[in-house]
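The structure file input_5.cif is reproduced below (mmCIF, C-alpha atoms).
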```
data_protein
#
loop_
_atom_site.label_atom_id
_atom_site.label_comp_id
_atom_site.auth_asym_id
_atom_site.auth_seq_id
_atom_site.Cartn_x
_atom_site.Cartn_y
_atom_site.Cartn_z
CA MET A 4 0.00 0.00 0.00
CA GLY A 5 1.29 3.43 -0.81
CA LEU A 6 3.52 2.13 -3.61
CA LEU A 7 3.52 4.10 -6.84
CA ALA A 8 4.85 2.50 -10.03
CA LEU A 9 6.73 5.07 -12.08
CA LEU A 10 8.39 4.60 -15.46
CA VAL A 11 12.12 5.17 -15.33
CA PRO A 12 13.57 7.17 -18.26
CA GLY A 13 15.48 4.92 -20.63
CA CYS A 14 13.55 1.79 -19.68
CA SER A 15 11.02 -0.03 -21.84
CA LEU A 16 7.29 0.36 -21.37
CA PHE A 17 7.15 -2.85 -19.34
CA GLU A 18 10.00 -1.96 -17.00
CA SER A 19 9.10 -0.02 -13.90
CA ARG A 20 10.38 0.72 -10.44
CA SER A 21 8.14 0.90 -7.39
CA ILE A 22 8.53 4.01 -5.30
CA ASP A 23 7.07 4.29 -1.79
CA PHE A 24 5.39 7.62 -2.47
CA GLN A 25 3.39 7.52 0.77
CA GLY A 26 6.60 6.93 2.69
CA ILE A 27 8.25 9.91 0.96
CA ILE A 28 5.35 12.16 1.94
CA GLU A 29 5.38 10.93 5.53
CA LYS A 30 9.12 11.53 5.85
CA ALA A 31 8.84 15.04 4.41
CA LYS A 32 5.89 15.86 6.66
CA ALA A 33 7.70 14.63 9.77
CA ARG A 34 10.68 16.82 8.90
CA VAL A 35 8.77 20.07 8.47
CA PHE A 36 5.71 19.72 10.75
CA PRO A 37 7.67 20.55 13.95
CA THR A 38 8.64 23.91 12.41
CA LEU A 39 5.07 24.86 11.48
CA VAL A 40 3.48 27.65 13.52
CA PHE A 41 -0.16 28.69 13.87
CA VAL A 42 -0.11 32.51 14.02
CA LYS A 43 -2.90 34.39 15.83
CA PRO A 44 -2.50 38.18 15.66
CA ILE A 45 -4.92 40.59 17.33
CA ARG A 46 -5.51 43.54 15.03
CA GLU A 47 -6.90 46.87 16.23
CA GLU A 48 -8.74 49.15 13.83
CA PHE A 49 -11.15 52.07 14.04
CA SER A 50 -14.52 51.78 12.33
CA SER A 51 -17.37 54.30 12.58
CA GLY A 52 -15.49 56.09 15.33
CA GLU A 53 -15.14 52.97 17.46
CA ARG A 54 -12.07 50.95 18.32
CA GLN A 55 -12.47 47.35 17.26
CA ARG A 56 -10.27 44.33 17.78
CA GLN A 57 -10.19 41.32 15.51
CA GLU A 58 -8.26 38.06 15.66
CA ILE A 59 -6.57 37.13 12.38
CA LEU A 60 -5.63 33.55 11.54
CA GLY A 61 -2.44 32.71 9.69
CA SER A 62 0.56 30.42 9.58
CA GLY A 63 4.32 30.65 9.80
CA VAL A 64 7.49 28.61 9.83
CA ILE A 65 10.43 28.65 12.25
CA ILE A 66 13.74 29.51 10.55
CA SER A 67 16.12 29.83 13.52
CA SER A 68 16.60 27.85 16.72
CA ASP A 69 16.10 30.99 18.83
CA GLY A 70 12.59 31.51 17.47
CA LEU A 71 12.56 33.63 14.30
CA VAL A 72 9.36 32.96 12.35
CA VAL A 73 8.52 33.91 8.76
CA THR A 74 4.94 34.74 7.88
CA ASN A 75 3.05 37.12 5.58
CA HIS A 76 2.87 40.88 5.95
CA HIS A 77 -0.91 40.76 5.57
CA VAL A 78 -1.03 38.40 8.55
CA ALA A 79 1.11 40.50 10.91
CA GLU A 80 0.32 44.08 9.81
CA LYS A 81 -1.51 46.30 12.32
CA ALA A 82 -1.17 43.62 15.00
CA ILE A 83 -1.06 44.85 18.59
CA HIS A 84 -0.59 41.36 20.02
CA ILE A 85 0.59 38.14 18.38
CA HIS A 86 0.48 34.63 19.79
CA CYS A 87 1.92 31.59 18.03
CA VAL A 88 0.92 27.98 18.66
CA LEU A 89 3.88 25.61 18.28
CA HIS A 90 3.80 21.93 17.35
CA THR A 91 3.94 21.12 21.07
CA LYS A 92 0.60 22.99 21.48
CA ALA A 93 2.40 25.64 23.53
CA GLN A 94 1.11 29.16 22.90
CA VAL A 95 3.97 31.65 22.81
CA PRO A 96 3.80 35.45 22.43
CA ALA A 97 5.71 36.98 19.54
CA ARG A 98 6.78 40.45 18.44
CA VAL A 99 7.23 41.88 14.96
CA VAL A 100 10.87 42.24 13.91
CA GLY A 101 10.12 43.73 10.51
CA LEU A 102 7.56 44.02 7.72
CA ASP A 103 7.88 44.21 3.94
CA PRO A 104 4.52 44.89 2.24
CA GLU A 105 6.02 44.84 -1.28
CA THR A 106 6.81 41.12 -1.03
CA ASP A 107 4.14 40.42 1.62
CA LEU A 108 6.66 39.04 4.09
CA ALA A 109 7.00 39.55 7.83
CA LEU A 110 9.55 38.40 10.38
CA LEU A 111 8.48 37.57 13.95
CA GLN A 112 10.48 36.76 17.08
CA LEU A 113 9.03 34.29 19.56
CA GLU A 114 9.43 35.61 23.10
CA ARG A 115 11.13 32.76 24.88
CA LYS A 116 12.46 32.30 28.40
CA PRO A 117 16.18 31.94 29.23
CA GLY A 118 17.14 28.30 29.16
CA ASP A 119 14.40 27.24 26.75
CA PRO A 120 15.66 24.46 24.46
CA PRO A 121 16.49 25.23 20.80
CA LEU A 122 13.56 25.03 18.45
CA PRO A 123 13.37 22.85 15.32
CA VAL A 124 14.30 24.79 12.19
CA ALA A 125 13.03 24.46 8.62
CA ALA A 126 15.54 24.05 5.80
CA PHE A 127 15.25 26.02 2.56
CA ALA A 128 15.42 24.36 -0.85
CA ASP A 129 17.60 25.45 -3.76
CA ILE A 130 15.19 27.43 -5.93
CA ASP A 131 17.30 26.87 -9.08
CA ARG A 132 16.55 23.14 -8.98
CA LEU A 133 12.76 23.48 -9.01
CA GLN A 134 10.85 22.25 -12.04
CA GLU A 135 7.25 22.33 -13.22
CA GLY A 136 5.47 19.10 -12.32
CA GLN A 137 7.41 18.61 -9.10
CA PHE A 138 5.30 17.46 -6.13
CA VAL A 139 4.89 20.00 -3.31
CA MET A 140 2.87 20.26 -0.11
CA ALA A 141 1.22 23.37 1.34
CA LEU A 142 1.20 23.40 5.14
CA GLY A 143 -0.68 25.72 7.44
CA ALA A 144 -3.99 26.41 9.15
CA PRO A 145 -6.65 26.95 6.45
CA PHE A 146 -9.73 28.56 8.01
CA GLY A 147 -8.06 28.07 11.39
CA PHE A 148 -7.73 24.29 11.13
CA GLU A 149 -4.29 23.69 12.62
CA ARG A 150 -1.62 21.49 11.04
CA SER A 151 -3.30 20.89 7.72
CA ILE A 152 -1.53 19.67 4.62
CA SER A 153 -2.48 19.64 0.95
CA LEU A 154 -0.66 18.00 -1.94
CA GLY A 155 -0.14 19.25 -5.48
CA ILE A 156 2.49 20.08 -8.07
CA LEU A 157 4.40 23.15 -9.14
CA SER A 158 2.46 24.53 -12.10
CA ASN A 159 4.97 27.30 -12.84
CA VAL A 160 8.23 28.19 -11.11
CA ARG A 161 8.59 31.77 -12.41
CA ARG A 162 5.11 33.28 -12.56
CA TYR A 163 5.03 37.08 -12.64
CA ILE A 164 1.82 38.63 -11.26
CA GLY A 165 3.05 42.16 -10.55
CA PHE A 166 1.81 44.18 -13.52
CA LYS A 167 -1.62 44.79 -12.01
CA THR A 168 -0.88 44.17 -8.32
CA GLN A 169 1.31 45.68 -5.62
CA TYR A 170 3.68 42.70 -5.84
CA LYS A 171 6.16 43.91 -8.46
CA PHE A 172 9.50 42.83 -7.02
CA ASN A 173 9.65 39.09 -7.58
CA THR A 174 8.30 36.14 -9.52
CA TRP A 175 6.14 33.52 -7.79
CA LEU A 176 5.71 29.78 -7.51
CA GLN A 177 2.34 28.72 -8.90
CA THR A 178 0.83 25.52 -7.52
CA ASP A 179 -2.41 23.59 -7.51
CA ALA A 180 -1.86 22.53 -3.89
CA SER A 181 -4.81 23.99 -2.00
CA ILE A 182 -4.01 27.37 -0.39
CA ASN A 183 -6.86 29.01 1.52
CA PRO A 184 -7.27 31.81 4.11
CA GLY A 185 -5.25 30.73 7.14
CA ASN A 186 -2.58 29.05 5.00
CA SER A 187 -0.99 32.47 4.49
CA GLY A 188 2.57 32.50 5.78
CA GLY A 189 2.87 28.74 5.95
CA PRO A 190 5.55 26.80 4.06
CA LEU A 191 5.29 25.24 0.62
CA VAL A 192 7.65 22.26 0.82
CA ASP A 193 9.13 19.68 -1.52
CA THR A 194 9.14 15.91 -1.02
CA GLU A 195 12.30 16.18 1.06
CA GLY A 196 10.64 18.49 3.55
CA ARG A 197 12.53 21.60 2.45
CA VAL A 198 10.80 24.97 2.14
CA VAL A 199 10.51 26.06 -1.49
CA GLY A 200 8.26 29.04 -0.75
CA ILE A 201 5.90 30.85 1.61
CA ASN A 202 2.18 30.44 0.84
CA THR A 203 0.57 33.81 0.15
CA LEU A 204 -2.25 33.86 -2.39
CA GLY A 205 -4.81 31.23 -3.26
CA GLY A 206 -8.33 30.35 -4.18
CA GLY A 207 -9.96 27.58 -6.14
CA GLU A 208 -7.37 25.36 -7.79
CA ILE A 209 -4.58 27.91 -8.11
CA GLY A 210 -2.23 29.31 -5.49
CA PHE A 211 0.97 31.32 -5.27
CA ALA A 212 3.97 31.18 -2.96
CA ILE A 213 6.94 33.51 -2.52
CA PRO A 214 10.10 31.65 -3.67
CA SER A 215 12.61 30.67 -0.99
CA ASN A 216 15.44 32.75 -2.49
CA VAL A 217 13.31 35.89 -2.11
CA VAL A 218 12.33 34.86 1.42
CA ARG A 219 15.94 34.41 2.52
CA ASP A 220 16.99 37.77 1.09
CA ILE A 221 14.10 39.69 2.67
CA VAL A 222 14.49 37.91 6.00
CA GLU A 223 18.15 38.92 6.19
CA ARG A 224 17.25 42.56 5.54
CA LEU A 225 14.42 42.52 8.08
CA ARG A 226 16.64 40.89 10.68
CA ARG A 227 19.33 43.52 10.13
CA ASP A 228 17.31 46.70 9.55
CA GLY A 229 13.71 45.92 10.46
CA LYS A 230 12.60 47.05 6.99
CA VAL A 231 13.55 46.83 3.32
CA VAL A 232 14.76 49.99 1.59
CA ARG A 233 14.52 50.04 -2.20
CA ALA A 234 15.60 52.50 -4.85
CA TRP A 235 12.86 54.12 -6.93
CA THR A 236 13.42 55.06 -10.56
CA GLY A 237 9.87 55.88 -11.67
CA LEU A 238 10.12 53.48 -14.59
CA GLU A 239 7.07 51.38 -15.36
CA LEU A 240 8.04 48.32 -17.37
CA GLN A 241 6.07 46.19 -19.79
CA ALA A 242 6.56 42.60 -20.86
CA LEU A 243 8.44 42.15 -24.13
CA ARG A 244 5.78 39.67 -25.14
CA ASP A 245 2.35 40.51 -23.77
CA PHE A 246 -0.11 37.92 -25.01
CA ASN A 247 -3.06 39.63 -23.33
CA SER A 248 -2.67 42.83 -25.35
CA ASN A 249 -1.01 41.13 -28.34
CA THR A 250 2.06 43.34 -27.97
CA PHE A 251 5.25 41.67 -29.14
CA THR A 252 8.71 43.25 -29.16
CA PRO A 253 11.22 41.59 -31.54
CA SER A 254 13.93 41.17 -28.92
CA ASP A 255 15.05 38.50 -26.48
CA GLU A 256 16.92 40.88 -24.18
CA GLY A 257 16.41 44.24 -22.52
CA VAL A 258 13.30 45.89 -21.07
CA LEU A 259 10.40 47.86 -22.49
CA VAL A 260 9.66 51.12 -20.65
CA GLN A 261 5.94 51.77 -20.72
CA ASN A 262 5.82 54.95 -18.62
CA VAL A 263 8.01 57.23 -16.53
CA ALA A 264 6.53 58.75 -13.37
CA THR A 265 7.89 62.10 -12.25
CA SER A 266 7.21 61.63 -8.52
CA ALA A 267 6.70 58.78 -6.07
#
```
How does the structure come out when it is put into structure tokens?
Amino acid sequence: MGLLALLVPGCSLFESRSIDFQGIIEKAKARVFPTLVFVKPIREEFSSGERQRQEILGSGVIISSDGLVVTNHHVAEKAIHIHCVLHTKAQVPARVVGLDPETDLALLQLERKPGDPPLPVAAFADIDRLQEGQFVMALGAPFGFERSISLGILSNVRRYIGFKTQYKFNTWLQTDASINPGNSGGPLVDTEGRVVGINTLGGGEIGFAIPSNVVRDIVERLRRDGKVVRAWTGLELQALRDFNSNTFTPSDEGVLVQNVATSA
């Protein structure tokens, strides 16, 4: 049970090798589940002249043994209190180290006591080795259901969605693994239990995750400076080949400047 017969390249149609796919999934899950965090921020907002508090549900993943947690900006923004539920069911308060709305990433620090043991840490995958069709798992707390997992494949490893959104600084991992509200900030992992991305957008049968190379870069900046400072040129770029507008530029290199803004 749990054995999947896969054709091996170079073999005849009748030659196959059995792979314990269920065992691979179980091993990957066991490796990353201890690093999964259920994030529960309390957000305070004013509406109709009244102060209102609302609990937001999200996910995160531990990336350092002293308790640094990566999640989404839209999970942690405007939070006045944050509590994180660890795999041990312990609820631990956390503070915001830094926020980056442009990539929708946030870095939290679990508030731990002196002498607390080191925490399990998630490992990042090499983004350059990812391929379309590769199996991945989305972990998190969809709709507040803790420690949930969904299975799918990578549909695209360099999807750009920034032309008509605020997310203009990176490409994305597209997957059909189910990503729903509450999954935000949780890890998208490969079959070796390594984080390939951070779940951010989803709905229906399509979801998007921030690639691990972007996550590592932003995390380092947030850890050092508490924010990400970017240069601004005012240039608005356009795809060299835009199939939606049937605009095609006869070039394989360079950029197409669509507009130049005179002020930020």
Minimum-distance residue to A:Gln112, chosen among A:Gly136, A:Gly189, A:Gly147, A:Gly63 (using all atoms listed in the file): A:Gly63
Excluding stretch 225-242 of chain A and its own-chain neighbours fewer than 5 positions away, which residues fall within 7 Å of it when counting only C-alpha atoms? Please give them as a list of chain:residue names.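 Selected residues are A:Val100, A:Gly101, A:Leu102, A:Asp103, A:Leu110, A:Val258, A:Leu259, A:Val260, A:Gln261, A:Asn262, A:Val263, A:Ala264, A:Thr265.
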Take atom CA of A:Gly206 and atom CA of A:Gln177 and report the distance between them in Å, one decimal.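 About the pair atom CA of A:Gly206 and atom CA of A:Gln177: they are 11.8 Å apart.
Across the chains present, the PyMOL selection byres ((chain A and resi 65-73) around 8) applied to this file returns Thr38, Leu39, Val40, Gly63, Val64, Thr74, Asn75, Leu108, Ala109, Leu110, Leu111, Gln112, Leu113, Glu114, Arg115, Pro121, Leu122, Pro123, Val124, Ala125, Ala126, Gly188 and Val222 of chain A.
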Residue neighbourhood stretch 178-183 of chain A, 12 Å, all atoms listed in the file, exclusion window fewer than 2 positions, as a PyMOL selection string: chain A and resi 60-62+134-148+151-162+175-176+185-193+199-214
Explicit residue set for the PyMOL selection byres ((chain A and resi 32) around 10), as a list of chain:residue names: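 So the PyMOL selection byres ((chain A and resi 32) around 10), applied here, picks out A:Gly26, A:Ile27, A:Ile28, A:Glu29, A:Lys30, A:Ala31, A:Ala33, A:Arg34, A:Val35, A:Phe36, A:Pro37, A:Met140, A:Leu142, A:Ile152, A:Val192, A:Asp193, A:Thr194, A:Glu195, A:Gly196, A:Arg197.
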Restricted to C-alpha atoms, what would the selected residues look like written as a PDB file, keeping the file's coordinate frame?
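Here's the written file result-v1.pdb:
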```pdb
ATOM      1  CA  GLY A  26       6.600   6.930   2.690  1.00  0.00           C
ATOM      2  CA  ILE A  27       8.250   9.910   0.960  1.00  0.00           C
ATOM      3  CA  ILE A  28       5.350  12.160   1.940  1.00  0.00           C
ATOM      4  CA  GLU A  29       5.380  10.930   5.530  1.00  0.00           C
ATOM      5  CA  LYS A  30       9.120  11.530   5.850  1.00  0.00           C
ATOM      6  CA  ALA A  31       8.840  15.040   4.410  1.00  0.00           C
ATOM      7  CA  ALA A  33       7.700  14.630   9.770  1.00  0.00           C
ATOM      8  CA  ARG A  34      10.680  16.820   8.900  1.00  0.00           C
ATOM      9  CA  VAL A  35       8.770  20.070   8.470  1.00  0.00           C
ATOM     10  CA  PHE A  36       5.710  19.720  10.750  1.00  0.00           C
ATOM     11  CA  PRO A  37       7.670  20.550  13.950  1.00  0.00           C
ATOM     12  CA  MET A 140       2.870  20.260  -0.110  1.00  0.00           C
ATOM     13  CA  LEU A 142       1.200  23.400   5.140  1.00  0.00           C
ATOM     14  CA  ILE A 152      -1.530  19.670   4.620  1.00  0.00           C
ATOM     15  CA  VAL A 192       7.650  22.260   0.820  1.00  0.00           C
ATOM     16  CA  ASP A 193       9.130  19.680  -1.520  1.00  0.00           C
ATOM     17  CA  THR A 194       9.140  15.910  -1.020  1.00  0.00           C
ATOM     18  CA  GLU A 195      12.300  16.180   1.060  1.00  0.00           C
ATOM     19  CA  GLY A 196      10.640  18.490   3.550  1.00  0.00           C
ATOM     20  CA  ARG A 197      12.530  21.600   2.450  1.00  0.00           C
TER      21      ARG A 197
END
```
Need to verify the contact set: A:Phe172, 10 Å, all atoms listed in the file, exclusion of same-chain residues closer than 5 positions in sequence. Can you return it as a ChimeraX atom specification? /A:105-106,163-165,217
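Among the candidate residues A:Lys116, A:Arg46, A:Arg54, A:Arg150, the one lying nearest to A:Val95 is A:Lys116, with distances computed using all atoms listed in the file.
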Kindly give the distance, in Å, that separates atom CA of A:Asp245 and atom CA of A:Asp131, rounded to a single decimal. 25.0 Å
